[in-house]
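Have a look at input01.txt; it's compact mmCIF, C-alpha atoms:
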```
# COMPACT_ATOMS: atom_id res chain seq x y z
CA MET A 1 0.00 0.00 0.00
CA ILE A 2 1.25 3.46 -0.88
CA ARG A 3 1.03 5.96 1.95
CA ARG A 4 1.67 9.68 1.77
CA PHE A 5 1.27 12.02 4.70
CA PHE A 6 0.02 15.65 4.51
CA SER A 7 -1.37 15.66 0.98
CA PRO A 8 -0.22 18.78 -0.91
CA SER A 9 -3.65 19.10 -2.51
CA ARG A 10 -5.09 20.34 0.76
CA CYS A 11 -2.41 23.01 1.01
CA LEU A 12 -3.10 24.03 -2.58
CA GLN A 13 -6.72 24.55 -1.62
CA GLY A 14 -5.54 26.79 1.16
CA VAL A 15 -3.31 28.74 -1.22
CA LEU A 16 -6.23 29.21 -3.60
CA MET A 17 -8.35 30.48 -0.74
CA LEU A 18 -5.60 32.91 0.24
CA GLY A 19 -5.41 34.11 -3.34
CA LEU A 20 -9.14 34.79 -3.23
CA MET A 21 -8.69 36.71 0.01
CA LEU A 22 -5.97 38.80 -1.63
CA GLY A 23 -8.20 39.55 -4.60
CA LEU A 24 -10.96 40.75 -2.29
CA THR A 25 -8.78 42.86 -0.04
CA LEU A 26 -6.48 44.55 -2.56
CA PRO A 27 -9.24 46.62 -4.21
CA ALA A 28 -10.44 47.74 -0.80
CA ALA A 29 -6.97 48.91 0.12
CA ALA A 30 -6.20 50.51 -3.23
CA GLN A 31 -9.50 52.30 -3.86
CA GLY A 32 -10.55 53.24 -0.35
CA ARG A 33 -10.66 56.97 0.36
CA ASP A 34 -11.61 56.75 4.02
CA ASP A 35 -10.06 59.47 6.13
CA GLY A 36 -7.15 58.46 8.33
CA SER A 37 -4.48 60.00 10.49
CA LEU A 38 -3.30 63.54 9.74
CA TYR A 39 0.25 62.35 10.42
CA SER A 40 0.18 60.09 7.36
CA ARG A 41 0.38 63.27 5.28
CA PHE A 42 4.05 63.83 6.02
CA GLY A 43 7.10 62.13 4.57
CA VAL A 44 6.31 58.94 2.64
CA GLY A 45 3.36 58.24 4.94
CA ASP A 46 2.63 56.23 8.05
CA LEU A 47 5.22 53.43 8.11
CA ARG A 48 3.86 49.88 8.24
CA ALA A 49 5.42 46.43 8.73
CA PHE A 50 4.05 42.92 9.09
CA SER A 51 6.46 40.11 9.94
CA SER A 52 3.88 37.50 11.02
CA SER A 53 0.56 37.41 12.83
CA GLN A 54 2.36 35.82 15.79
CA ALA A 55 4.88 38.67 16.06
CA GLN A 56 2.17 41.28 15.43
CA ALA A 57 0.31 40.26 18.58
CA MET A 58 3.58 40.39 20.57
CA GLY A 59 4.45 44.01 19.81
CA GLY A 60 5.24 43.70 16.10
CA GLY A 61 8.97 42.93 16.39
CA GLY A 62 10.19 39.35 16.21
CA THR A 63 13.73 39.77 14.85
CA ALA A 64 14.89 36.70 16.80
CA LEU A 65 11.56 34.85 16.65
CA TRP A 66 11.09 31.53 14.89
CA SER A 67 8.20 29.10 15.06
CA PHE A 68 6.95 25.80 13.67
CA ASN A 69 3.61 27.42 12.81
CA TYR A 70 4.76 30.67 11.13
CA THR A 71 7.15 32.11 8.59
CA ASN A 72 8.71 35.21 10.15
CA PHE A 73 9.53 38.04 7.73
CA SER A 74 11.29 40.41 10.11
CA ASN A 75 14.54 38.49 9.59
CA PRO A 76 15.35 36.27 6.56
CA ALA A 77 17.66 34.15 8.73
CA SER A 78 14.57 32.65 10.42
CA TRP A 79 13.47 31.10 7.11
CA SER A 80 16.12 28.40 7.58
CA ARG A 81 14.06 26.79 10.36
CA GLN A 82 11.02 25.85 8.29
CA VAL A 83 9.50 22.38 8.25
CA LEU A 84 6.15 22.91 6.50
CA VAL A 85 5.28 24.70 3.28
CA ARG A 86 3.36 27.74 4.50
CA ALA A 87 1.00 30.37 3.14
CA SER A 88 -0.78 33.12 5.05
CA ALA A 89 -2.95 36.15 4.38
CA GLY A 90 -5.09 38.40 6.51
CA PHE A 91 -7.40 41.37 6.68
CA ARG A 92 -7.32 44.27 9.14
CA PHE A 93 -10.04 46.65 10.33
CA ASP A 94 -8.90 49.96 11.88
CA GLY A 95 -10.79 52.55 13.89
CA LEU A 96 -9.51 56.04 14.66
CA GLN A 97 -10.66 58.92 16.85
CA VAL A 98 -9.00 62.29 16.18
CA THR A 99 -9.16 65.04 18.85
CA ASP A 100 -7.94 68.63 18.49
CA ALA A 101 -6.93 71.25 21.06
CA ASP A 102 -10.55 72.41 21.48
CA ASP A 103 -11.59 68.84 22.36
CA ASN A 104 -13.45 68.42 19.09
CA SER A 105 -13.29 64.83 17.89
CA LYS A 106 -14.19 62.77 14.86
CA ASN A 107 -14.20 59.04 14.21
CA PHE A 108 -12.98 57.19 11.11
CA THR A 109 -12.85 53.55 10.03
CA ALA A 110 -10.97 51.74 7.28
CA GLY A 111 -10.06 48.23 6.15
CA SER A 112 -6.88 46.95 4.53
CA PHE A 113 -4.93 43.74 4.00
CA ASN A 114 -2.07 42.74 6.30
CA ALA A 115 0.19 40.79 3.99
CA VAL A 116 0.37 37.73 1.77
CA GLN A 117 3.25 35.43 2.71
CA PHE A 118 4.72 32.16 1.47
CA GLY A 119 7.46 30.00 2.99
CA VAL A 120 9.02 26.86 1.48
CA PRO A 121 11.57 24.60 3.25
CA LEU A 122 13.97 23.56 0.50
CA LYS A 123 15.62 21.37 3.10
CA ALA A 124 13.75 21.01 6.38
CA ASN A 125 15.39 22.90 9.25
CA ARG A 126 18.35 23.76 7.04
CA ILE A 127 17.47 25.86 3.97
CA GLY A 128 14.27 27.81 3.46
CA MET A 129 12.78 30.30 1.01
CA GLY A 130 10.44 33.20 1.77
CA LEU A 131 8.20 35.42 -0.35
CA THR A 132 5.93 38.21 0.89
CA PHE A 133 3.82 41.08 -0.39
CA GLU A 134 3.16 43.62 2.36
CA PRO A 135 2.60 47.35 3.01
CA TYR A 136 5.56 49.67 3.53
CA SER A 137 3.68 52.92 4.20
CA ARG A 138 0.18 54.33 3.99
CA VAL A 139 -1.09 57.80 3.09
CA ASN A 140 -4.73 58.41 3.95
CA TYR A 141 -5.87 61.81 5.26
CA ARG A 142 -8.26 64.72 4.74
CA VAL A 143 -7.89 68.10 6.44
CA GLN A 144 -10.39 70.93 5.93
CA THR A 145 -10.17 74.64 6.76
CA LEU A 146 -12.83 77.39 6.45
CA SER A 147 -12.03 81.02 5.57
CA GLN A 148 -13.69 84.15 4.19
CA LEU A 149 -12.86 85.87 0.91
CA VAL A 150 -13.53 89.62 0.53
CA THR A 151 -15.33 89.97 -2.81
CA ASP A 152 -16.09 93.72 -2.71
CA PRO A 153 -13.90 95.82 -0.36
CA THR A 154 -16.10 98.90 -0.76
CA ARG A 155 -19.23 97.06 0.42
CA LEU A 156 -17.33 94.61 2.67
CA ASP A 157 -18.98 91.69 0.86
CA THR A 158 -17.47 88.30 1.68
CA THR A 159 -17.99 84.68 0.73
CA ILE A 160 -17.04 81.59 2.66
CA TYR A 161 -14.70 79.08 1.05
CA GLN A 162 -13.29 75.75 2.16
CA ILE A 163 -9.87 74.26 1.42
CA SER A 164 -9.54 70.47 1.67
CA TYR A 165 -6.12 68.83 1.75
CA GLU A 166 -6.47 65.18 0.74
CA GLY A 167 -4.09 62.29 0.26
CA SER A 168 -4.26 58.57 -0.48
CA GLY A 169 -2.08 55.68 -1.54
CA GLY A 170 1.27 54.60 -0.14
CA LEU A 171 4.15 52.23 -0.76
CA GLN A 172 4.11 48.44 -0.99
CA GLN A 173 6.98 45.98 -0.99
CA VAL A 174 7.68 42.53 -2.39
CA ARG A 175 10.45 40.54 -0.69
CA ALA A 176 11.99 37.22 -1.70
CA GLY A 177 15.07 35.44 -0.40
CA LEU A 178 16.71 32.49 1.33
CA GLY A 179 17.69 31.48 4.85
CA TRP A 180 20.43 28.98 5.69
CA ARG A 181 21.12 27.24 8.97
CA ALA A 182 24.84 26.65 9.20
CA ALA A 183 26.44 23.91 11.24
CA GLY A 184 26.05 24.85 14.88
CA PRO A 185 23.82 27.55 16.38
CA LEU A 186 24.11 30.18 13.60
CA SER A 187 21.52 30.94 10.90
CA ILE A 188 21.91 33.58 8.19
CA GLY A 189 19.68 34.87 5.42
CA ALA A 190 19.18 37.54 2.78
CA SER A 191 16.35 38.89 0.64
CA LEU A 192 15.84 41.19 -2.32
CA ASP A 193 13.20 43.86 -1.63
CA PHE A 194 11.25 45.71 -4.32
CA ILE A 195 9.45 48.87 -3.09
CA PHE A 196 6.83 50.59 -5.23
CA GLY A 197 3.65 52.62 -4.99
CA ILE A 198 1.63 55.71 -5.86
CA VAL A 199 0.86 58.65 -3.59
CA GLU A 200 -1.90 61.03 -4.66
CA GLU A 201 -2.30 64.40 -2.95
CA GLY A 202 -4.67 67.22 -3.72
CA THR A 203 -5.87 70.65 -2.64
CA ARG A 204 -9.57 71.24 -3.34
CA THR A 205 -11.13 74.70 -2.93
CA THR A 206 -14.91 75.08 -2.84
CA PHE A 207 -16.96 78.27 -2.43
CA ALA A 208 -20.32 78.94 -0.82
CA SER A 209 -21.17 81.39 -3.62
CA PRO A 210 -22.06 80.05 -7.11
CA ASP A 211 -20.11 82.97 -8.60
CA PHE A 212 -16.87 81.08 -7.96
CA THR A 213 -15.73 77.82 -9.49
CA GLU A 214 -14.41 74.87 -7.51
CA THR A 215 -10.74 74.12 -8.22
CA ASN A 216 -8.75 70.98 -7.64
CA LEU A 217 -4.95 71.02 -7.74
CA ALA A 218 -3.52 67.49 -7.45
CA THR A 219 -0.24 65.61 -7.73
CA SER A 220 0.33 61.94 -8.42
CA THR A 221 3.77 60.55 -7.59
CA ARG A 222 4.86 57.08 -8.72
CA MET A 223 7.84 55.59 -6.91
CA PHE A 224 9.82 52.37 -7.25
CA GLY A 225 13.21 51.07 -6.18
CA VAL A 226 15.16 48.05 -4.99
CA THR A 227 17.02 47.30 -1.78
CA ALA A 228 18.15 44.22 0.15
CA THR A 229 17.90 42.81 3.66
CA THR A 230 20.34 40.54 5.45
CA GLY A 231 20.11 38.97 8.89
CA ALA A 232 21.56 36.50 11.36
CA ILE A 233 20.27 34.53 14.37
CA TYR A 234 22.41 32.86 17.03
CA SER A 235 20.56 30.29 19.15
CA LYS A 236 21.69 28.37 22.22
CA SER A 237 19.72 25.61 23.99
CA ASN A 238 19.69 24.33 27.57
CA LEU A 239 21.03 27.50 29.15
CA PHE A 240 18.87 27.73 32.27
CA ALA A 241 16.71 24.62 31.84
CA THR A 242 16.77 21.42 29.82
CA THR A 243 13.96 22.61 27.54
CA ASP A 244 14.82 26.26 26.93
CA GLU A 245 16.45 28.17 24.08
CA LEU A 246 17.79 31.71 23.76
CA SER A 247 18.05 33.44 20.38
CA VAL A 248 19.85 36.71 19.67
CA ALA A 249 19.42 38.26 16.24
CA ALA A 250 20.06 41.28 14.04
CA SER A 251 18.96 42.30 10.56
CA LEU A 252 19.83 45.19 8.25
CA THR A 253 17.87 46.65 5.35
CA LEU A 254 20.12 48.71 3.12
CA PRO A 255 19.24 52.26 2.06
CA ALA A 256 16.99 52.45 -1.01
CA THR A 257 16.83 54.98 -3.83
CA LEU A 258 13.33 55.28 -5.26
CA ASN A 259 12.81 56.71 -8.71
CA GLY A 260 9.98 59.24 -8.51
CA ASP A 261 7.76 60.40 -11.36
CA ARG A 262 5.30 63.20 -10.52
CA ALA A 263 2.42 64.63 -12.53
CA LEU A 264 0.62 67.88 -11.63
CA THR A 265 -3.00 68.46 -12.64
CA LEU A 266 -5.42 71.37 -12.27
CA GLY A 267 -9.12 71.58 -12.98
CA GLU A 268 -12.67 71.64 -11.71
CA SER A 269 -13.80 68.81 -9.48
CA LEU A 270 -12.69 65.51 -11.09
CA ASN A 271 -12.07 67.04 -14.53
CA ARG A 272 -8.40 67.96 -14.42
CA ASP A 273 -5.77 68.81 -17.05
CA THR A 274 -2.08 68.04 -16.72
CA LEU A 275 0.10 71.09 -16.10
CA GLY A 276 3.39 70.88 -17.99
CA ALA A 277 5.66 67.86 -18.24
CA GLN A 278 6.09 65.25 -15.57
CA VAL A 279 8.79 65.89 -12.98
CA GLU A 280 11.30 63.18 -12.10
CA GLY A 281 13.59 62.85 -9.10
CA ASP A 282 15.18 60.42 -6.67
CA ILE A 283 13.88 59.75 -3.15
CA ASN A 284 16.46 58.23 -0.79
CA LEU A 285 15.11 56.06 2.04
CA PRO A 286 17.43 55.33 4.98
CA MET A 287 18.62 51.95 6.18
CA SER A 288 16.72 50.00 8.84
CA LEU A 289 18.60 48.24 11.64
CA ARG A 290 16.88 45.74 13.97
CA PHE A 291 18.06 43.89 17.07
CA GLY A 292 16.05 41.25 18.87
CA VAL A 293 16.08 38.66 21.63
CA ALA A 294 13.75 35.67 22.01
CA TYR A 295 13.57 33.17 24.86
CA PHE A 296 11.66 29.87 24.58
CA LEU A 297 10.82 27.90 27.72
CA GLN A 298 9.33 24.39 28.01
CA ASN A 299 7.78 24.68 24.53
CA ARG A 300 5.02 26.72 26.19
CA TRP A 301 6.40 30.19 26.87
CA THR A 302 7.90 32.60 24.35
CA PHE A 303 9.31 36.02 25.27
CA VAL A 304 10.53 38.58 22.70
CA ALA A 305 12.09 42.05 22.83
CA ASP A 306 13.11 44.21 19.86
CA VAL A 307 14.71 47.53 18.93
CA ARG A 308 14.41 49.11 15.48
CA TYR A 309 16.44 52.13 14.40
CA GLU A 310 16.16 54.13 11.16
CA PRO A 311 18.27 57.30 10.59
CA TRP A 312 15.62 59.37 8.80
CA SER A 313 17.66 62.51 9.55
CA GLN A 314 19.73 61.39 6.53
CA PHE A 315 16.68 61.37 4.25
CA GLU A 316 17.08 63.20 0.93
CA SER A 317 14.68 63.79 -1.93
CA GLU A 318 14.84 65.71 -5.19
CA LEU A 319 11.06 66.03 -5.06
CA SER A 320 9.28 68.13 -2.45
CA ILE A 321 7.36 66.02 0.07
CA PRO A 322 5.05 67.26 2.86
CA GLY A 323 7.32 67.94 5.81
CA TYR A 324 10.44 68.05 3.64
CA THR A 325 11.83 70.65 1.25
CA PRO A 326 14.84 69.72 -0.94
CA GLY A 327 18.02 71.38 0.22
CA THR A 328 16.95 71.88 3.82
CA ALA A 329 18.54 70.21 6.83
CA ASP A 330 17.19 68.65 10.03
CA THR A 331 13.69 68.23 8.59
CA PHE A 332 13.23 64.60 9.57
CA ARG A 333 14.43 62.88 12.72
CA ASP A 334 15.73 59.39 13.47
CA ARG A 335 13.08 56.80 14.14
CA LEU A 336 13.26 54.53 17.20
CA ARG A 337 10.84 51.67 17.83
CA LEU A 338 10.85 49.51 20.98
CA SER A 339 8.63 46.46 21.42
CA GLY A 340 8.17 43.35 23.54
CA GLY A 341 5.73 40.56 24.10
CA VAL A 342 4.92 37.12 25.46
CA GLU A 343 3.10 34.04 24.19
CA PHE A 344 1.68 31.20 26.29
CA LEU A 345 0.67 27.89 24.70
CA PRO A 346 -0.69 25.64 27.51
CA ALA A 347 -0.48 22.39 25.52
CA GLY A 348 3.04 22.98 24.25
CA PRO A 349 3.76 20.79 21.18
CA SER A 350 1.07 18.22 22.07
CA PHE A 351 -1.84 17.71 19.65
CA LEU A 352 -3.75 15.50 22.11
CA GLU A 353 -4.72 18.13 24.67
CA SER A 354 -8.13 19.81 24.77
CA TYR A 355 -8.90 22.54 22.26
CA PHE A 356 -8.49 25.53 24.58
CA LYS A 357 -5.14 24.22 25.80
CA ARG A 358 -3.96 24.25 22.18
CA VAL A 359 -4.96 27.92 21.79
CA ALA A 360 -1.99 30.31 22.00
CA TYR A 361 -2.48 33.48 24.09
CA ARG A 362 -0.37 36.56 23.28
CA LEU A 363 0.24 40.02 24.71
CA GLY A 364 2.67 42.79 23.77
CA PHE A 365 3.39 46.51 23.47
CA TYR A 366 5.38 48.95 21.36
CA TYR A 367 6.67 52.52 21.47
CA ASP A 368 7.40 54.32 18.19
CA GLN A 369 9.13 57.70 17.87
CA ALA A 370 7.94 59.08 14.52
CA TYR A 371 10.45 60.18 11.89
CA VAL A 372 8.59 63.38 11.02
CA SER A 373 6.57 66.06 12.82
CA PRO A 374 4.36 68.87 11.46
CA VAL A 375 5.91 71.22 14.04
CA ALA A 376 9.68 71.44 14.44
CA GLY A 377 10.87 70.39 17.88
CA THR A 378 7.63 68.56 18.76
CA ASP A 379 7.82 64.79 19.17
CA ILE A 380 5.10 62.67 17.61
CA ASN A 381 5.19 59.39 19.51
CA THR A 382 3.00 56.30 19.43
CA ILE A 383 2.44 53.89 22.30
CA ALA A 384 0.19 50.86 21.93
CA LEU A 385 -0.87 47.57 23.50
CA THR A 386 -1.21 44.47 21.32
CA GLY A 387 -2.55 40.97 21.87
CA GLY A 388 -4.44 38.10 20.36
CA PHE A 389 -5.41 34.44 20.18
CA SER A 390 -4.19 31.73 17.83
CA LEU A 391 -6.90 29.16 17.17
CA PRO A 392 -5.90 25.70 15.89
CA ALA A 393 -7.79 24.25 12.93
CA LEU A 394 -8.70 20.66 12.16
CA LEU A 395 -5.91 20.52 9.58
CA ALA A 396 -2.59 20.07 11.37
CA GLY A 397 -0.26 23.04 10.90
CA THR A 398 -3.11 25.48 10.18
CA ARG A 399 -4.13 28.28 12.54
CA LEU A 400 -6.48 31.27 12.53
CA ASP A 401 -5.06 34.25 14.41
CA ILE A 402 -7.30 36.98 15.84
CA ASN A 403 -5.24 40.01 16.93
CA PHE A 404 -6.06 43.39 18.44
CA GLU A 405 -4.23 46.68 18.93
CA VAL A 406 -5.11 49.82 20.90
CA GLY A 407 -3.01 52.92 21.31
CA ALA A 408 -2.49 56.68 21.05
CA ARG A 409 -0.40 58.92 18.83
CA GLY A 410 0.52 62.59 18.81
CA THR A 411 -0.41 65.60 20.94
CA THR A 412 -2.89 68.49 20.91
CA ASP A 413 -0.12 71.03 21.58
CA HIS A 414 0.76 73.57 18.85
CA ASN A 415 -2.64 73.08 17.17
CA LEU A 416 -1.90 69.44 16.43
CA VAL A 417 -4.22 66.47 17.01
CA ARG A 418 -4.16 63.35 19.15
CA ASP A 419 -5.06 60.01 17.59
CA ARG A 420 -6.65 57.22 19.60
CA PHE A 421 -6.79 54.11 17.49
CA TYR A 422 -7.70 50.46 17.61
CA GLY A 423 -7.34 47.60 15.17
CA VAL A 424 -8.69 44.08 14.81
CA SER A 425 -7.25 41.59 12.33
CA ALA A 426 -7.81 38.01 11.21
CA THR A 427 -5.01 36.02 9.57
CA LEU A 428 -5.21 32.51 8.19
CA ASN A 429 -1.96 30.52 8.35
CA VAL A 430 -1.95 27.32 6.27
CA GLY A 431 0.86 24.77 6.58
CA GLU A 432 1.52 21.32 5.16
CA ARG A 433 4.42 18.99 4.56
CA TRP A 434 5.30 18.61 0.89
CA PHE A 435 7.82 16.51 -1.01
CA VAL A 436 7.42 13.50 1.34
CA LYS A 437 8.70 10.28 -0.18
CA ARG A 438 6.13 7.60 -0.71
CA LYS A 439 6.46 4.44 1.35
CA LEU A 440 5.48 0.91 0.40
CA ASN A 441 4.00 -1.26 3.15
```
Mind converting the file's structure to structure tokens?
Amino acid sequence: MIRRFFSPSRCLQGVLMLGLMLGLTLPAAAQGRDDGSLYSRFGVGDLRAFSSSQAQAMGGGGTALWSFNYTNFSNPASWSRQVLVRASAGFRFDGLQVTDADDNSKNFTAGSFNAVQFGVPLKANRIGMGLTFEPYSRVNYRVQTLSQLVTDPTRLDTTIYQISYEGSGGLQQVRAGLGWRAAGPLSIGASLDFIFGIVEEGTRTTFASPDFTETNLATSTRMFGVTATTGAIYSKSNLFATTDELSVAASLTLPATLNGDRALTLGESLNRDTLGAQVEGDINLPMSLRFGVAYFLQNRWTFVADVRYEPWSQFESELSIPGYTPGTADTFRDRLRLSGGVEFLPAGPSFLESYFKRVAYRLGFYYDQAYVSPVAGTDINTIALTGGFSLPALLAGTRLDINFEVGARGTTDHNLVRDRFYGVSATLNVGERWFVKRKLN
């Protein structure tokens, strides 16, 4: 009798389902014009990252994190420790409350995809490949101001007009690479990263009087470029107990030069004409350096801590960007992100325990010092609490992760706004063993 374990057909069904999820979520992310945070207006937008749904619930770091159930994209060195072929995709729902200095507030909601990820062990626990499509930044804002225009100075006639500053779009990235576990406790890896996207920004002026015509001045900037990421993980077992392991890791994403192509249009409402030729210029993104520590105990407890540093004070661009003017100095500041978290899996590696003992429970936090501020000398910081549950499915190696995030960003000083936000996400992680030799009994 021929026996084959973990039929690849079931995993293919999962991959097809993930492809369907991607098809449903991408239009929502690309076409949505829901209002978001004012702070996404500046620089290249609100920076995003998604390494895995496991790491996301534990503060969003995970540089030294590896797992049987997940492919971790914060460090390509972790891809070397894969056993199952994996695919994952998820959707995120975000809520935002914006409050100004006068205590006026407004609520917004939006939906977007987390990431689509694939991991393939070319040689189990030795050589692995990773591929991901994920957000890099997001621009999604609308700011409105009201003023009066004097139409006849002799009669002191005025008309009210409104200026709306709007922006949408952002950057995406595709990453692909390999991880290799060398002899001993060291793993290394590298990936090639392609960054691309479109940012659309506009200034719309409308008048209360029909004697004036609405105008809409808009720019559309296309950007694309290539960079690379390299990383290493050093792991040591049985340090403080017979079933523990300590991992220390670092990864580096090299600086990237994006080619920018900008078009300027002017017109009434949605009917706009292009003004002049398109403008081209380079946009130089800084490197990203990450350090992380992970401690695994008794196959039940996992603790992580991470630091991420990006020297945005070295940012340069030949195109003007909100918050940055070419040729000026000290416009942006260095970004610092600190995070930590814990996971508890009561059943450990056992598949025979009750269902709720096989659920993983996670909690984490992060602090993020923004790389740009609308007001010079004013820090725009984010602090948030994260958490979630990982629910096992009937198919071994497959889990559904439900994560949450709550936090605050910014300040109401200097006529700025404070964001209070929350997010809920669902991510399906499918895993199966492929390339198993058939056995004759």
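A straight line drawn from CA of Phe113 in chain A to CA of Gly90 in chain A is 5.9 Å long.
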Range 166-210 of chain A near range 43-50 of chain A within 9 Å: what's each residue's closest atom pair and its distance in Å to one decimal, counting all atoms listed in the file, ordered by chain then ascending residue number, as a tab-separated table?
```
residue	atom	partner	partner_atom	distance
A:Gly169	CA	A:Gly45	CA	8.8
A:Gly170	CA	A:Gly45	CA	6.6
A:Leu171	CA	A:Val44	CA	7.8
A:Val199	CA	A:Val44	CA	8.3
```
For a quick check of understanding, using only C-alpha atoms, which of A:Ser52, A:Ser350, A:Ser251, A:Thr158 has the smallest distance to Ala396 in chain A?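 Counting only C-alpha atoms, the residue closest to Ala396 in chain A is A:Ser350.
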Across A:Leu258, A:Leu363, A:Ala77, A:Ala241, the smallest distance to Arg126 in chain A, with all atoms listed in the file counted, is shown by A:Ala77
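In this model, the gap between CA of Leu186 in chain A and CA of Trp66 in chain A comes to 13.2 Å.
If you measure from each of A:Phe207, A:Arg420, A:Ile233, A:Gln278 to Gly36 in chain A using only C-alpha atoms, the closest one turns out to be A:Arg420.
Considering the residues A:Arg290, A:Lys106, A:Arg81, A:Arg409 and counting only C-alpha atoms, Thr229 in chain A has its shortest atom-to-atom contact with A:Arg290.
Take the candidates A:Ala393, A:Val174, A:Val143, A:Ala360 and check each one against Ile195 in chain A using all atoms listed in the file; the shortest distance goes to A:Val174.
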Shortest interatomic distance to Phe421 in chain A - which of A:Thr203, A:Thr99, A:Thr159, A:Thr398, counting all atoms listed in the file: A:Thr99
Given 8 Å on each side, where is the centre and what are the edge lengths in Å to one decimal of the axis-aligned box enclosing the listed atoms of range 343-361 of chain A, as JSON?
```
{"center_x": -2.6, "center_y": 24.8, "center_z": 23.6, "size_x": 28.7, "size_y": 34.5, "size_z": 23.9}
```
Could you work out how far CA of Pro322 in chain A lies from CA of Asn381 in chain A, giving the answer in Å with one decimal?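 Distance reported for this atom pair: 18.4 Å.
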Long-range neighbours of Gln148 in chain A as a PDB file with C-alpha atoms, in the coordinates of the input, 12 Å cut-off, all atoms listed in the file, 5 positions minimum in chain:
```
ATOM      1  CA  LEU A 156     -17.330  94.610   2.670  1.00  0.00           C
ATOM      2  CA  ASP A 157     -18.980  91.690   0.860  1.00  0.00           C
ATOM      3  CA  THR A 158     -17.470  88.300   1.680  1.00  0.00           C
ATOM      4  CA  THR A 159     -17.990  84.680   0.730  1.00  0.00           C
ATOM      5  CA  ILE A 160     -17.040  81.590   2.660  1.00  0.00           C
ATOM      6  CA  TYR A 161     -14.700  79.080   1.050  1.00  0.00           C
ATOM      7  CA  GLN A 162     -13.290  75.750   2.160  1.00  0.00           C
ATOM      8  CA  ILE A 163      -9.870  74.260   1.420  1.00  0.00           C
ATOM      9  CA  THR A 206     -14.910  75.080  -2.840  1.00  0.00           C
ATOM     10  CA  PHE A 207     -16.960  78.270  -2.430  1.00  0.00           C
ATOM     11  CA  ALA A 208     -20.320  78.940  -0.820  1.00  0.00           C
ATOM     12  CA  SER A 209     -21.170  81.390  -3.620  1.00  0.00           C
TER      13      SER A 209
END
```
Anything within 9 Å of (-1.4, 27.0, 21.3): list those residues as a list of chain:residue names, counting all atoms listed in the file and sticking to the file's coordinates. A:Arg300, A:Glu343, A:Phe344, A:Leu345, A:Pro346, A:Ala347, A:Gly348, A:Pro349, A:Tyr355, A:Phe356, A:Lys357, A:Arg358, A:Val359, A:Ala360, A:Tyr361, A:Phe389, A:Ser390, A:Leu391, A:Pro392
Residues around (-7.0, 39.5, 18.6), cut-off 8 Å, counting only C-alpha atoms - what are they as a PDB file with C-alpha atoms, in the coordinates of the input?
```pdb
ATOM      1  CA  ALA A  57       0.310  40.260  18.580  1.00  0.00           C
ATOM      2  CA  GLY A 387      -2.550  40.970  21.870  1.00  0.00           C
ATOM      3  CA  GLY A 388      -4.440  38.100  20.360  1.00  0.00           C
ATOM      4  CA  PHE A 389      -5.410  34.440  20.180  1.00  0.00           C
ATOM      5  CA  ASP A 401      -5.060  34.250  14.410  1.00  0.00           C
ATOM      6  CA  ILE A 402      -7.300  36.980  15.840  1.00  0.00           C
ATOM      7  CA  ASN A 403      -5.240  40.010  16.930  1.00  0.00           C
ATOM      8  CA  PHE A 404      -6.060  43.390  18.440  1.00  0.00           C
ATOM      9  CA  GLU A 405      -4.230  46.680  18.930  1.00  0.00           C
ATOM     10  CA  VAL A 424      -8.690  44.080  14.810  1.00  0.00           C
ATOM     11  CA  SER A 425      -7.250  41.590  12.330  1.00  0.00           C
ATOM     12  CA  ALA A 426      -7.810  38.010  11.210  1.00  0.00           C
TER      13      ALA A 426
END
```
Can you pull out every residue within 8 Å of Pro76 in chain A, counting only C-alpha atoms, but drop anything in the same chain fewer than 2 positions away, and send it as a ChimeraX atom specification? /A:72-74,78-80,130,177-179,188-191,229-232
Any chance you could build range 330-337 of chain A out to N, CA and C atoms and write it as a PDB file, in the frame of the given file?
```pdb
ATOM      1  N   ASP A 330      17.858  68.921   8.739  1.00  0.00           N
ATOM      2  CA  ASP A 330      17.190  68.650  10.030  1.00  0.00           C
ATOM      3  C   ASP A 330      15.669  68.697   9.904  1.00  0.00           C
ATOM      4  N   THR A 331      15.138  68.262   8.764  1.00  0.00           N
ATOM      5  CA  THR A 331      13.690  68.230   8.590  1.00  0.00           C
ATOM      6  C   THR A 331      13.094  67.001   9.241  1.00  0.00           C
ATOM      7  N   PHE A 332      13.681  65.842   8.962  1.00  0.00           N
ATOM      8  CA  PHE A 332      13.230  64.600   9.570  1.00  0.00           C
ATOM      9  C   PHE A 332      14.127  64.250  10.748  1.00  0.00           C
ATOM     10  N   ARG A 333      13.673  63.315  11.553  1.00  0.00           N
ATOM     11  CA  ARG A 333      14.430  62.880  12.720  1.00  0.00           C
ATOM     12  C   ARG A 333      14.580  61.367  12.666  1.00  0.00           C
ATOM     13  N   ASP A 334      15.517  60.839  13.439  1.00  0.00           N
ATOM     14  CA  ASP A 334      15.730  59.390  13.470  1.00  0.00           C
ATOM     15  C   ASP A 334      14.546  58.703  14.143  1.00  0.00           C
ATOM     16  N   ARG A 335      14.181  57.562  13.599  1.00  0.00           N
ATOM     17  CA  ARG A 335      13.080  56.800  14.140  1.00  0.00           C
ATOM     18  C   ARG A 335      13.600  55.715  15.091  1.00  0.00           C
ATOM     19  N   LEU A 336      12.923  55.564  16.216  1.00  0.00           N
ATOM     20  CA  LEU A 336      13.260  54.530  17.200  1.00  0.00           C
ATOM     21  C   LEU A 336      11.981  53.810  17.593  1.00  0.00           C
ATOM     22  N   ARG A 337      12.004  52.481  17.470  1.00  0.00           N
ATOM     23  CA  ARG A 337      10.840  51.670  17.830  1.00  0.00           C
ATOM     24  C   ARG A 337      11.269  50.579  18.806  1.00  0.00           C
TER      25      ARG A 337
END
```
